[in-house]
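A short write-up of the structure that comes next.
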Amino acid sequence: MGRIGTLRRAPEIVAVFAKHGFAGYIKDLGLAEKIPFTRRGGKEQNVKGEQLRRALEELGPTFIKLGQFLSTRTDLLPPSWTDPLSKLQSGAPVVPFDEIKKIVESEAGQPLDDWLIYMEEVPIGAASIGQVHRAALKDGTEVAIKVRRPGIEPIIRNDMSILRQLANLAERNSELARQVSLKAIIDDFVSSLRREMDYRMEATESAGMRETIKEKYVYVPLIYPECSTEQMLVMEYMDGKPLHGEVIAGMDIKERQELAQSLSETVLRQVFIDGVFHADPHPGNLLLLKDGRLCLIDFGNTGRLSDEMRHLLSDSLFALADRDAAALSMLVLEMGSRKPVDRRMLQRDISRWMAGYMDIELADVEMGTMLQELFTVAGSHSISIPKDFVQVGQAFLKVEQTVIALDPGSSLSGMVRDMSLEVLLGRIHPKELMRGSRSFVRLMKMAADKLPGVLNETLSEWEGGQPKLKMHVTADENIMKRIERMASALVLSIMMLAFSIVMAGIFVSMRNQSPLTGTNTFHIGMLTAVIMTIIFLIVIHLMWRKIK
């Protein structure tokens, strides 16, 4: 799409939001200039997430993905917004097989008949970005081939560029946009969507998950990397049914309990032990195979936690278990904040939130819901929770719903409690301690290598009588008030000096004049002096009030 298309698309995007009642939000974000003339006078509506969902659906695949992304940001949006957005579907019309065939042959570099026995023309799945077809390799192995929809990449790339431009414009014009870090939100979304568009990344993540998952009843399909490209993913075909309610109802109790246990342990181990997890384990991505195992599919949305982030998360859960609001507030602050936070107010709000769980055992708590609520409390204090932590909360929320549907007596929180000892032992394991020690020694060596140079430079500056002192001052409200008072006092002093000089000049010019001579010079000088004195006193009064 060329520049002309881009110029048309940006007003179209804003017009759709305005049509669905978001004109007021558009103006608050400093984007009023982008509203088409005919919509500027539109009535403001009391809009909610449902209106936003309809607007995003109307705008197409990029914005459907944006809505799905925003549905996970419970630290930014309340449930009245995230719940409707979570219902956004990525379904799309089926692409004709001839077009799919051209892409597959182009990506494979050879005709279909040279490497496939067959490829079914009717897809087994069609979404906004990709379409999946069943096929068989020459050796008889059945595979599923996911192909990126033709022409979708330039459309999404253009929409992502426009979203970034609008976010930049909003942050220049709107304090609201700066407060919520709109540019950072859009950047996170763009990064996530780019990963989802590149099937090579999904192949890598899927292969990594296959290596780490050890549970007996959970399976990850085999990926064929030699056949996979950026636009085409070839994987083992899995003959199973999505784990929806009617499928669960047809299983016996023991089988459901075993699957609930295995699924919970898989997700918890991914988060707390491996640090790489399936971030979207909803029932559509869980297939019940004929042999009774669960199959995880669609690794386009995965999360990664560094060692530090895993430790922060586990420490937060330990603090929750101990009902330690002070420790939890410190851990939430460590997760990330955009501006100075009132720690006492944060601890007070966390204590109030935690009071709702005081009489409930951790094993009886819905872990996903609890994390979402904690992130909402953090968001109310302008604490920006890292996207990976938000993904953990969403993963817990989705898998917990499935686990409870399988076995109402099971609890993800209870399994977290049971796993806490393993997590703690893992952190003090000799290998973990040795790795931490190596990192510490490495950092100390780097600091020691720099120390002589820093000392020599500092001593040279002191010997030359030119030491440098660098200070960083945060411009909070109190400092700005003090600076304003100092400036006002300085201006007041200058005005008093100027007034004294002017008045002295007037009296000098009048010294040889007398009111009895009949000339107007004396009277004009006196009138000027009186007027200037009145004006000066008024200005002094106003500035004095401002200084106080």
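Identifiers in the structure tokens: chain A, B, ... in order shown; residue index from 1 per chain; ligand index from 1 in order shown.
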
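Using only C-alpha atoms, the contacts of Ser174 (chain A) at a cut-off of 8 Å, with sequence neighbours closer than 4 positions omitted, comprise Asp28, Leu29, Gly30, Ala170 and Arg178 of chain A.
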
Would you mind exporting C-alpha atoms of the selected residues as a short mmCIF file (atom, residue, chain, number, x, y, z; two decimals), in the first residue's frame?
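File produced: result.cif:
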```cif
data_model
loop_
_atom_site.label_atom_id
_atom_site.label_comp_id
_atom_site.auth_asym_id
_atom_site.auth_seq_id
_atom_site.Cartn_x
_atom_site.Cartn_y
_atom_site.Cartn_z
CA ASP A 28 -8.47 13.52 24.73
CA LEU A 29 -5.63 11.76 22.92
CA GLY A 30 -4.88 14.83 20.84
CA ALA A 170 -0.98 11.42 20.69
CA ARG A 178 1.91 10.12 27.97
#
```

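Each of A:Tyr219, A:Tyr237, A:Phe189, A:Phe69 was compared to Ala144 (chain A) using only C-alpha atoms, and A:Tyr237 turns out to be the nearest.
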
Practice prompt. As a count of residues only, please: all residues of region 257-354 of chain A that backbone DSSP puts in strand (DSSP E).
Written response: 13

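CA of Thr402 (chain A) sits 20.0 Å away from CA of Gly300 (chain A).
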
Worksheet item: Which neighbours of Gln68 (chain A) fall inside 7 Å, counting only C-alpha atoms, when residues of the same chain fewer than 4 positions from it are skipped, and could you give them as a ChimeraX atom specification?
Response: /A:64,85-86,88

The selected residues should be written to file as a compact mmCIF listing (two decimals), in the first residue's frame (atoms: N, CA, C and O atoms).
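And here is the file that came out, again.txt:
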```
# COMPACT_ATOMS: atom_id res chain seq x y z
N ILE A 64 -8.25 -6.51 15.02
CA ILE A 64 -8.73 -7.65 15.79
C ILE A 64 -7.62 -8.18 16.69
O ILE A 64 -7.82 -8.47 17.87
N LEU A 85 -13.41 -7.66 24.72
CA LEU A 85 -12.29 -7.79 23.78
C LEU A 85 -11.79 -9.22 23.71
O LEU A 85 -11.31 -9.67 22.66
N SER A 86 -11.89 -9.96 24.82
CA SER A 86 -11.42 -11.34 24.81
C SER A 86 -12.28 -12.24 23.93
O SER A 86 -11.88 -13.36 23.60
N LEU A 88 -13.15 -11.42 20.89
CA LEU A 88 -12.84 -11.18 19.48
C LEU A 88 -12.34 -12.46 18.83
O LEU A 88 -11.47 -13.14 19.36
```
